[in-house]
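Asks: Pasting target.tsv below, which is TSV, C-alpha atoms.
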chain	number	residue	atom	x	y	z
A	4	MET	CA	6.40	13.96	0.12
A	5	ILE	CA	3.45	14.40	2.39
A	6	ARG	CA	3.09	15.16	6.06
A	7	GLY	CA	0.86	12.95	8.19
A	8	THR	CA	0.28	11.26	11.52
A	9	VAL	CA	0.88	7.57	12.23
A	10	ILE	CA	-2.46	6.07	13.27
A	11	GLY	CA	-1.72	2.36	13.24
A	12	GLN	CA	-0.05	-0.70	11.76
A	13	VAL	CA	-1.02	-3.33	9.18
A	14	TRP	CA	-0.11	-7.04	9.27
A	15	ALA	CA	-0.24	-9.52	6.39
A	16	ALA	CA	1.10	-13.07	6.11
A	17	ARG	CA	0.22	-13.48	2.40
A	18	LYS	CA	2.35	-10.91	0.64
A	19	ALA	CA	4.82	-10.28	-2.15
A	20	ARG	CA	8.33	-11.56	-1.35
A	21	GLY	CA	9.69	-8.03	-1.59
A	22	LEU	CA	7.59	-6.95	1.38
A	23	GLU	CA	9.12	-9.55	3.74
A	24	GLY	CA	10.57	-7.91	6.84
A	25	GLN	CA	9.04	-4.49	6.20
A	26	THR	CA	7.06	-2.77	8.95
A	27	LEU	CA	3.96	-1.21	7.40
A	28	LEU	CA	2.38	1.76	9.16
A	29	LEU	CA	-0.91	3.48	8.43
A	30	VAL	CA	-0.47	7.25	8.04
A	31	ALA	CA	-3.27	9.83	7.89
A	32	ALA	CA	-2.27	12.74	5.62
A	33	ARG	CA	-2.55	16.31	6.88
A	34	ASP	CA	-2.98	19.57	4.96
A	35	ALA	CA	-1.08	22.86	5.40
A	36	ASP	CA	-3.27	23.79	8.37
A	37	GLY	CA	-2.61	20.46	10.08
A	38	HIS	CA	-6.10	19.11	9.42
A	39	ALA	CA	-6.51	15.48	8.32
A	40	THR	CA	-7.36	15.33	4.60
A	41	GLY	CA	-8.99	11.90	4.88
A	42	ARG	CA	-6.34	10.26	2.68
A	43	LEU	CA	-4.64	7.20	4.19
A	44	VAL	CA	-1.21	5.94	3.13
A	45	VAL	CA	0.53	2.66	3.98
A	46	ALA	CA	4.25	3.41	4.39
A	47	SER	CA	7.33	1.30	5.17
A	48	ASP	CA	8.96	2.31	8.43
A	49	THR	CA	12.67	2.14	9.26
A	50	LEU	CA	12.66	4.91	11.90
A	51	ASP	CA	10.55	3.10	14.52
A	52	ALA	CA	7.78	5.70	14.29
A	53	ARG	CA	4.99	5.29	16.84
A	54	ALA	CA	1.23	5.86	16.68
A	55	GLY	CA	0.45	9.54	17.22
A	56	GLU	CA	3.78	10.80	15.85
A	57	ASP	CA	3.86	13.27	12.97
A	58	VAL	CA	5.97	12.05	10.06
A	59	THR	CA	6.88	12.82	6.47
A	60	VAL	CA	6.29	10.12	3.85
A	61	ALA	CA	8.38	9.95	0.66
A	62	PHE	CA	7.07	8.24	-2.48
A	63	GLY	CA	8.60	6.52	-5.50
A	64	SER	CA	12.38	6.37	-5.84
A	65	GLY	CA	12.61	8.71	-2.84
A	66	ALA	CA	10.96	5.99	-0.77
A	67	ARG	CA	13.44	3.37	-2.04
A	68	ASN	CA	16.28	5.69	-1.04
A	69	VAL	CA	15.00	5.62	2.54
A	70	LEU	CA	15.23	1.81	2.61
A	71	ARG	CA	18.53	1.57	0.75
A	72	PRO	CA	20.21	4.73	-0.58
A	73	GLY	CA	21.98	4.41	-3.92
A	74	PRO	CA	21.41	3.78	-7.61
A	75	ASP	CA	21.06	-0.01	-7.31
A	76	ASN	CA	17.83	-0.17	-5.34
A	77	ARG	CA	15.32	-0.72	-8.14
A	78	ASP	CA	14.86	-4.33	-6.97
A	79	LEU	CA	13.19	-3.05	-3.77
A	80	LEU	CA	9.43	-3.33	-3.42
A	81	CYS	CA	8.64	0.03	-1.82
A	82	ASP	CA	6.66	3.01	-3.09
A	83	ALA	CA	6.13	4.89	0.20
A	84	ALA	CA	8.40	5.18	3.24
A	85	ILE	CA	8.54	7.25	6.40
A	86	ALA	CA	11.40	9.68	5.74
A	87	ALA	CA	11.35	11.75	8.94
A	88	ILE	CA	9.67	12.08	12.31
A	89	VAL	CA	8.44	15.69	12.52
A	90	GLU	CA	9.03	17.76	15.65
A	91	GLY	CA	7.46	20.98	14.48
A	92	ALA	CA	5.94	22.76	11.49
A	93	GLY	CA	5.02	26.39	11.03
B	1	MET	CA	0.79	2.11	-0.92
B	2	PHE	CA	-2.77	2.17	0.30
B	3	LEU	CA	-5.18	-0.05	2.25
B	4	GLY	CA	-8.31	-1.02	0.35
B	5	ARG	CA	-11.03	-3.61	-0.09
B	6	VAL	CA	-11.41	-5.72	-3.23
B	7	ALA	CA	-14.72	-4.75	-4.83
B	8	GLY	CA	-14.63	-6.81	-8.02
B	9	THR	CA	-12.76	-8.10	-11.04
B	10	VAL	CA	-12.01	-6.68	-14.50
B	11	TRP	CA	-11.74	-8.82	-17.65
B	12	SER	CA	-10.15	-7.78	-20.90
B	13	THR	CA	-9.19	-9.66	-24.04
B	14	VAL	CA	-7.60	-6.83	-26.00
B	15	LYS	CA	-4.53	-5.72	-24.08
B	16	TRP	CA	-0.80	-5.22	-24.24
B	17	PRO	CA	0.84	-8.68	-24.72
B	18	GLU	CA	2.99	-8.25	-21.61
B	19	ALA	CA	-0.19	-8.01	-19.52
B	20	LYS	CA	-1.52	-11.37	-20.75
B	21	GLY	CA	-2.45	-13.71	-17.89
B	22	LEU	CA	-2.48	-10.92	-15.34
B	23	LYS	CA	-5.57	-10.87	-13.13
B	24	LEU	CA	-7.02	-7.40	-12.62
B	25	LEU	CA	-9.01	-6.42	-9.53
B	26	LEU	CA	-11.08	-3.38	-8.61
B	27	VAL	CA	-9.98	-2.09	-5.20
B	28	ARG	CA	-11.62	0.69	-3.22
B	29	PRO	CA	-9.20	2.58	-0.90
B	30	TYR	CA	-10.12	3.23	2.72
B	31	ARG	CA	-10.28	6.84	3.84
B	32	LEU	CA	-9.68	8.00	7.40
B	33	GLY	CA	-13.41	8.28	8.15
B	34	ASP	CA	-14.00	4.66	7.09
B	35	LEU	CA	-11.85	3.20	9.89
B	36	PRO	CA	-13.15	2.71	13.42
B	37	PRO	CA	-10.88	3.37	16.42
B	38	GLY	CA	-9.15	0.37	17.95
B	39	VAL	CA	-8.02	-3.01	16.66
B	40	ALA	CA	-9.79	-4.34	13.58
B	41	THR	CA	-9.56	-7.73	11.94
B	42	ALA	CA	-9.46	-7.44	8.19
B	43	GLY	CA	-10.82	-9.61	5.45
B	44	ALA	CA	-14.01	-11.08	4.07
B	45	GLY	CA	-16.76	-11.38	6.64
B	46	GLY	CA	-14.81	-9.88	9.54
B	47	GLY	CA	-14.45	-6.47	7.99
B	48	ALA	CA	-11.65	-4.06	8.89
B	49	ALA	CA	-14.16	-1.28	9.00
B	50	SER	CA	-17.29	0.05	7.47
B	51	GLU	CA	-17.23	-0.09	3.67
B	52	PRO	CA	-14.57	2.09	2.03
B	53	THR	CA	-15.86	5.12	0.14
B	54	ASP	CA	-13.08	6.30	-2.20
B	55	ASP	CA	-12.84	5.97	-6.00
B	56	LEU	CA	-11.96	2.53	-7.41
B	57	VAL	CA	-8.42	1.64	-8.51
B	58	VAL	CA	-7.66	-1.14	-11.03
B	59	CYS	CA	-4.81	-3.33	-9.71
B	60	ALA	CA	-2.89	-6.35	-10.97
B	61	ASP	CA	-3.11	-9.30	-8.56
B	62	THR	CA	-0.64	-12.17	-8.15
B	63	LEU	CA	-1.72	-13.16	-4.62
B	64	ASP	CA	-5.14	-14.56	-5.54
B	65	ALA	CA	-7.10	-11.96	-3.57
B	66	GLY	CA	-10.88	-11.93	-4.00
B	67	PRO	CA	-13.90	-9.74	-3.39
B	68	GLY	CA	-14.21	-8.73	0.27
B	69	ASP	CA	-10.50	-9.15	1.02
B	70	ASP	CA	-8.65	-6.20	2.51
B	71	VAL	CA	-5.39	-5.66	0.64
B	72	ILE	CA	-2.37	-3.37	0.37
B	73	VAL	CA	-1.80	-1.93	-3.10
B	74	ALA	CA	1.51	-0.51	-4.33
B	75	PHE	CA	1.89	1.97	-7.18
B	76	GLY	CA	4.49	2.59	-9.85
B	77	HIS	CA	7.77	0.68	-10.04
B	78	ALA	CA	6.98	-1.16	-6.78
B	79	ALA	CA	3.85	-2.60	-8.44
B	80	ARG	CA	5.91	-3.88	-11.37
B	81	VAL	CA	8.48	-5.39	-8.97
B	82	ALA	CA	5.68	-7.29	-7.21
B	83	VAL	CA	4.28	-8.66	-10.48
B	84	SER	CA	7.71	-9.57	-11.84
B	85	GLU	CA	8.29	-11.85	-8.82
B	86	LYS	CA	5.96	-14.29	-10.61
B	87	LEU	CA	7.80	-14.09	-13.94
B	88	PRO	CA	10.80	-16.28	-14.85
B	89	PRO	CA	14.03	-15.36	-12.99
B	90	GLY	CA	15.91	-12.50	-14.62
B	91	SER	CA	12.79	-11.02	-16.18
B	92	LYS	CA	12.70	-7.25	-16.10
B	93	PRO	CA	9.54	-5.63	-14.71
B	94	MET	CA	8.30	-4.35	-18.08
B	95	VAL	CA	4.61	-5.14	-17.59
B	96	PRO	CA	2.34	-2.21	-18.45
B	97	ILE	CA	0.76	-1.82	-15.01
B	98	ASP	CA	1.11	0.87	-12.34
B	99	ALA	CA	-0.81	-0.66	-9.42
B	100	ALA	CA	-0.63	-4.14	-7.87
B	101	VAL	CA	-1.86	-6.00	-4.79
B	102	VAL	CA	1.26	-6.64	-2.67
B	103	ALA	CA	-0.38	-8.08	0.49
B	104	VAL	CA	-3.63	-9.62	1.71
B	105	VAL	CA	-4.24	-8.00	5.10
B	106	ASP	CA	-4.77	-10.12	8.24
B	107	ARG	CA	-5.04	-7.39	10.83
B	108	VAL	CA	-5.13	-3.61	11.12
B	109	GLU	CA	-4.35	-2.02	14.47
B	110	ILE	CA	-5.56	1.56	14.82
B	111	ALA	CA	-4.45	3.67	17.79
B	112	ARG	CA	-6.42	6.89	18.01
Re-express the file's structure as C-alpha cells.
Replies:
Amino acid sequence: MIRGTVIGQVWAARKARGLEGQTLLLVAARDADGHATGRLVVASDTLDARAGEDVTVAFGSGARNVLRPGPDNRDLLCDAAIAAIVEGAG
Amino acid sequence: MFLGRVAGTVWSTVKWPEAKGLKLLLVRPYRLGDLPPGVATAGAGGGAASEPTDDLVVCADTLDAGPGDDVIVAFGHAARVAVSEKLPPGSKPMVPIDAAVVAVVDRVEIAR
C-alpha cells in the first residue's frame, strides 16, 4: 500500500464495462517524511474520500478486497483502491 | 491505475498467439508537477495539463484510444479483465499483458 493525498477526481464516459459505477480519485503519493513523491495514482473510492484528505491506497488483490472481500472477486476490474482515510501518521 | 497521455503506437508481428489482434499503445504517465491547479478538460487538443514527463508504458487498448488522448491505465489482473471483456463470453483472461487502457478521460478535476 501507499500513503497519499486525494487531489482530485477523473471522469470518463468511454471505459471498460468493469469500471462502470466506480468513483475514480487522483491520489498524490507521499514519502515517509510526508513529502509528495510526484507519483500520481488513480484509485477506486468506496469510502467517500474528499480532496485534501490523506488516504492509504491498496493495490492488486488487496484493492479488489476493498471493493468486494472474498475469494470470488477476480472478475472485478480494480487494481488500486482507497483502503483507509488517514487521521495521523508518526 | 494511472492517468497518462497516449504518445504513440507499437506494432509487432512476432508475439504470443494470445496477444494477436491486440492494439498496443505507448502511454506516458502524468506526474504531480505536470498537472495545473483547478479543473482541466482532458483529451486531444484541450490538454489536461502540460505534457507528461514520466517514462513510457506499453498498454493494450480495446477502447480505440489514439495519440493525444488522456487515458486511465490499469495494471496486472485488472488489465487482463479489461481486455477479456472483448473476448467471447466465458473466456478466461489469459492474455500475456500486464497493462491496459481502461478509460478515455473526459475531465480531470484537481482541487489544490
Asks: Select, from B:Leu56, B:Ala100, B:Leu32, B:Val73, the residue with the minimum atom-to-atom distance to Ala32 (chain A), counting all atoms listed in the file.
Replies: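 Of all the options, B:Leu32 lies closest to Ala32 (chain A).
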Asks: What's around Leu43 (chain A) at 10 Å? Count only C-alpha atoms, leave out sequence neighbours fewer than 4 positions away in its own chain, and write the answer as an MDAnalysis selection string.
Replies: (chainID A and resid 7:10 29:33 39) or (chainID B and resid 1:4 29:33)
Asks: Return the neighbours of chain A among the residues of chain B, cut-off 8 Å, counting all atoms listed in the file, as a list in words.
Replies: Met1, Phe2, Leu3, Tyr30, Arg31, Leu32, Gly33, Leu63, Ile72, Ala74, Phe75, Gly76, His77, Ala78, Ala79, Val81, Ala82, Glu85, Val102, Ala103, Val104, Val105, Asp106, Arg107, Val108, Glu109, Ile110, Ala111 and Arg112 of chain B
Asks: Could you check how far CA of Lys20 (chain B) sits from CA of Arg80 (chain B), in Å to one decimal?
Replies: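 Interatomic distance, CA of Lys20 (chain B) to CA of Arg80 (chain B): 14.1 Å.
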Asks: Take the point (11.7, 3.4, 6.5) as written in the file and pick out every residue within 8 Å of it, counting all atoms listed in the file; give the list as a PyMOL selection string.
Replies: chain A and resi 46-50+66+69-70+84-86
Asks: Keeping only C-alpha atoms, write the selected residues as a PDB file, in the frame of the given file.
Replies:
ATOM      1  CA  ALA A  46       4.250   3.410   4.390  1.00  0.00           C
ATOM      2  CA  SER A  47       7.330   1.300   5.170  1.00  0.00           C
ATOM      3  CA  ASP A  48       8.960   2.310   8.430  1.00  0.00           C
ATOM      4  CA  THR A  49      12.670   2.140   9.260  1.00  0.00           C
ATOM      5  CA  LEU A  50      12.660   4.910  11.900  1.00  0.00           C
ATOM      6  CA  ALA A  66      10.960   5.990  -0.770  1.00  0.00           C
ATOM      7  CA  VAL A  69      15.000   5.620   2.540  1.00  0.00           C
ATOM      8  CA  LEU A  70      15.230   1.810   2.610  1.00  0.00           C
ATOM      9  CA  ALA A  84       8.400   5.180   3.240  1.00  0.00           C
ATOM     10  CA  ILE A  85       8.540   7.250   6.400  1.00  0.00           C
ATOM     11  CA  ALA A  86      11.400   9.680   5.740  1.00  0.00           C
TER      12      ALA A  86
END
Asks: What is the distance between CA of Pro89 (chain B) and CA of Val10 (chain B), in Å to one decimal?
Replies: 27.5 Å
Asks: When you draw a straight line from CA of Met94 (chain B) to CA of Ala61 (chain A), how long is it in Å?
Replies: 23.6 Å
Asks: Quick one: residues within 9 Å of Val6 (chain B), only C-alpha atoms counted, chain neighbours fewer than 2 positions away excluded, as a compact mmCIF listing (two decimals) with C-alpha atoms, keeping the file's coordinate frame?
Replies:
# COMPACT_ATOMS: atom_id res chain seq x y z
CA GLY B 4 -8.31 -1.02 0.35
CA GLY B 8 -14.63 -6.81 -8.02
CA THR B 9 -12.76 -8.10 -11.04
CA LEU B 25 -9.01 -6.42 -9.53
CA LEU B 26 -11.08 -3.38 -8.61
CA VAL B 27 -9.98 -2.09 -5.20
CA ARG B 28 -11.62 0.69 -3.22
CA PRO B 29 -9.20 2.58 -0.90
CA ALA B 65 -7.10 -11.96 -3.57
CA GLY B 66 -10.88 -11.93 -4.00
CA PRO B 67 -13.90 -9.74 -3.39
CA GLY B 68 -14.21 -8.73 0.27
CA ASP B 69 -10.50 -9.15 1.02
CA ASP B 70 -8.65 -6.20 2.51
CA VAL B 71 -5.39 -5.66 0.64
Asks: Between A:Gln25, A:Ala87, A:Gly93, A:Asn76, which is the closest to Thr59 (chain A) once you count all atoms listed in the file?
Replies: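 Under the stated criterion, the closest residue is A:Ala87.
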Asks: Could you add whatever atoms are missing so that region 40-73 of chain A carries N, CA and C atoms, then write the result as a PDB file, in the frame of the given file?
Replies:
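Result file rebuild_37.pdb:
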ATOM      1  N   THR A  40      -6.697  15.199   5.908  1.00  0.00           N
ATOM      2  CA  THR A  40      -7.360  15.330   4.600  1.00  0.00           C
ATOM      3  C   THR A  40      -8.313  14.169   4.346  1.00  0.00           C
ATOM      4  N   GLY A  41      -8.180  13.084   5.116  1.00  0.00           N
ATOM      5  CA  GLY A  41      -8.990  11.900   4.880  1.00  0.00           C
ATOM      6  C   GLY A  41      -8.206  10.818   4.148  1.00  0.00           C
ATOM      7  N   ARG A  42      -7.139  11.233   3.432  1.00  0.00           N
ATOM      8  CA  ARG A  42      -6.340  10.260   2.680  1.00  0.00           C
ATOM      9  C   ARG A  42      -5.491   9.420   3.636  1.00  0.00           C
ATOM     10  N   LEU A  43      -5.476   8.113   3.396  1.00  0.00           N
ATOM     11  CA  LEU A  43      -4.640   7.200   4.190  1.00  0.00           C
ATOM     12  C   LEU A  43      -3.542   6.630   3.307  1.00  0.00           C
ATOM     13  N   VAL A  44      -2.341   6.498   3.860  1.00  0.00           N
ATOM     14  CA  VAL A  44      -1.210   5.940   3.130  1.00  0.00           C
ATOM     15  C   VAL A  44      -0.611   4.822   3.962  1.00  0.00           C
ATOM     16  N   VAL A  45      -0.220   3.720   3.309  1.00  0.00           N
ATOM     17  CA  VAL A  45       0.530   2.660   3.980  1.00  0.00           C
ATOM     18  C   VAL A  45       2.006   2.867   3.621  1.00  0.00           C
ATOM     19  N   ALA A  46       2.848   3.081   4.637  1.00  0.00           N
ATOM     20  CA  ALA A  46       4.250   3.410   4.390  1.00  0.00           C
ATOM     21  C   ALA A  46       5.175   2.455   5.140  1.00  0.00           C
ATOM     22  N   SER A  47       6.305   2.102   4.508  1.00  0.00           N
ATOM     23  CA  SER A  47       7.330   1.300   5.170  1.00  0.00           C
ATOM     24  C   SER A  47       8.032   2.159   6.206  1.00  0.00           C
ATOM     25  N   ASP A  48       8.340   1.538   7.355  1.00  0.00           N
ATOM     26  CA  ASP A  48       8.960   2.310   8.430  1.00  0.00           C
ATOM     27  C   ASP A  48      10.306   1.720   8.819  1.00  0.00           C
ATOM     28  N   THR A  49      11.349   2.561   8.785  1.00  0.00           N
ATOM     29  CA  THR A  49      12.670   2.140   9.260  1.00  0.00           C
ATOM     30  C   THR A  49      13.111   2.996  10.451  1.00  0.00           C
ATOM     31  N   LEU A  50      12.280   3.950  10.854  1.00  0.00           N
ATOM     32  CA  LEU A  50      12.660   4.910  11.900  1.00  0.00           C
ATOM     33  C   LEU A  50      11.986   4.607  13.231  1.00  0.00           C
ATOM     34  N   ASP A  51      11.263   3.473  13.294  1.00  0.00           N
ATOM     35  CA  ASP A  51      10.550   3.100  14.520  1.00  0.00           C
ATOM     36  C   ASP A  51       9.569   4.189  14.945  1.00  0.00           C
ATOM     37  N   ALA A  52       8.802   4.695  13.992  1.00  0.00           N
ATOM     38  CA  ALA A  52       7.780   5.700  14.290  1.00  0.00           C
ATOM     39  C   ALA A  52       6.652   5.046  15.077  1.00  0.00           C
ATOM     40  N   ARG A  53       6.048   5.818  15.983  1.00  0.00           N
ATOM     41  CA  ARG A  53       4.990   5.290  16.840  1.00  0.00           C
ATOM     42  C   ARG A  53       3.663   5.954  16.501  1.00  0.00           C
ATOM     43  N   ALA A  54       2.572   5.290  16.884  1.00  0.00           N
ATOM     44  CA  ALA A  54       1.230   5.860  16.680  1.00  0.00           C
ATOM     45  C   ALA A  54       1.155   7.219  17.372  1.00  0.00           C
ATOM     46  N   GLY A  55       0.596   8.181  16.689  1.00  0.00           N
ATOM     47  CA  GLY A  55       0.450   9.540  17.220  1.00  0.00           C
ATOM     48  C   GLY A  55       1.554  10.475  16.779  1.00  0.00           C
ATOM     49  N   GLU A  56       2.668   9.931  16.270  1.00  0.00           N
ATOM     50  CA  GLU A  56       3.780  10.800  15.850  1.00  0.00           C
ATOM     51  C   GLU A  56       3.518  11.367  14.462  1.00  0.00           C
ATOM     52  N   ASP A  57       3.927  12.640  14.285  1.00  0.00           N
ATOM     53  CA  ASP A  57       3.860  13.270  12.970  1.00  0.00           C
ATOM     54  C   ASP A  57       5.088  12.870  12.167  1.00  0.00           C
ATOM     55  N   VAL A  58       4.871  12.546  10.896  1.00  0.00           N
ATOM     56  CA  VAL A  58       5.970  12.050  10.060  1.00  0.00           C
ATOM     57  C   VAL A  58       5.874  12.672   8.661  1.00  0.00           C
ATOM     58  N   THR A  59       6.968  12.561   7.906  1.00  0.00           N
ATOM     59  CA  THR A  59       6.880  12.820   6.470  1.00  0.00           C
ATOM     60  C   THR A  59       6.990  11.479   5.753  1.00  0.00           C
ATOM     61  N   VAL A  60       6.266  11.347   4.649  1.00  0.00           N
ATOM     62  CA  VAL A  60       6.290  10.120   3.850  1.00  0.00           C
ATOM     63  C   VAL A  60       6.786  10.474   2.451  1.00  0.00           C
ATOM     64  N   ALA A  61       7.843   9.771   2.016  1.00  0.00           N
ATOM     65  CA  ALA A  61       8.380   9.950   0.660  1.00  0.00           C
ATOM     66  C   ALA A  61       7.815   8.857  -0.233  1.00  0.00           C
ATOM     67  N   PHE A  62       7.629   9.200  -1.522  1.00  0.00           N
ATOM     68  CA  PHE A  62       7.070   8.240  -2.480  1.00  0.00           C
ATOM     69  C   PHE A  62       8.092   7.915  -3.569  1.00  0.00           C
ATOM     70  N   GLY A  63       7.824   6.848  -4.306  1.00  0.00           N
ATOM     71  CA  GLY A  63       8.600   6.520  -5.500  1.00  0.00           C
ATOM     72  C   GLY A  63      10.057   6.198  -5.192  1.00  0.00           C
ATOM     73  N   SER A  64      10.960   6.694  -6.046  1.00  0.00           N
ATOM     74  CA  SER A  64      12.380   6.370  -5.840  1.00  0.00           C
ATOM     75  C   SER A  64      12.883   7.022  -4.551  1.00  0.00           C
ATOM     76  N   GLY A  65      12.261   8.111  -4.133  1.00  0.00           N
ATOM     77  CA  GLY A  65      12.610   8.710  -2.840  1.00  0.00           C
ATOM     78  C   GLY A  65      12.360   7.751  -1.697  1.00  0.00           C
ATOM     79  N   ALA A  66      11.279   6.976  -1.798  1.00  0.00           N
ATOM     80  CA  ALA A  66      10.960   5.990  -0.770  1.00  0.00           C
ATOM     81  C   ALA A  66      11.999   4.870  -0.764  1.00  0.00           C
ATOM     82  N   ARG A  67      12.420   4.431  -1.976  1.00  0.00           N
ATOM     83  CA  ARG A  67      13.440   3.370  -2.040  1.00  0.00           C
ATOM     84  C   ARG A  67      14.750   3.849  -1.427  1.00  0.00           C
ATOM     85  N   ASN A  68      15.045   5.148  -1.602  1.00  0.00           N
ATOM     86  CA  ASN A  68      16.280   5.690  -1.040  1.00  0.00           C
ATOM     87  C   ASN A  68      16.262   5.736   0.476  1.00  0.00           C
ATOM     88  N   VAL A  69      15.080   5.715   1.081  1.00  0.00           N
ATOM     89  CA  VAL A  69      15.000   5.620   2.540  1.00  0.00           C
ATOM     90  C   VAL A  69      15.406   4.209   2.969  1.00  0.00           C
ATOM     91  N   LEU A  70      14.925   3.198   2.249  1.00  0.00           N
ATOM     92  CA  LEU A  70      15.230   1.810   2.610  1.00  0.00           C
ATOM     93  C   LEU A  70      16.681   1.452   2.310  1.00  0.00           C
ATOM     94  N   ARG A  71      17.140   1.860   1.126  1.00  0.00           N
ATOM     95  CA  ARG A  71      18.530   1.570   0.750  1.00  0.00           C
ATOM     96  C   ARG A  71      18.998   2.646  -0.221  1.00  0.00           C
ATOM     97  N   PRO A  72      19.762   3.630   0.289  1.00  0.00           N
ATOM     98  CA  PRO A  72      20.210   4.730  -0.580  1.00  0.00           C
ATOM     99  C   PRO A  72      21.145   4.203  -1.671  1.00  0.00           C
ATOM    100  N   GLY A  73      21.052   4.793  -2.851  1.00  0.00           N
ATOM    101  CA  GLY A  73      21.980   4.410  -3.920  1.00  0.00           C
ATOM    102  C   GLY A  73      21.261   4.106  -5.201  1.00  0.00           C
TER     103      GLY A  73
END
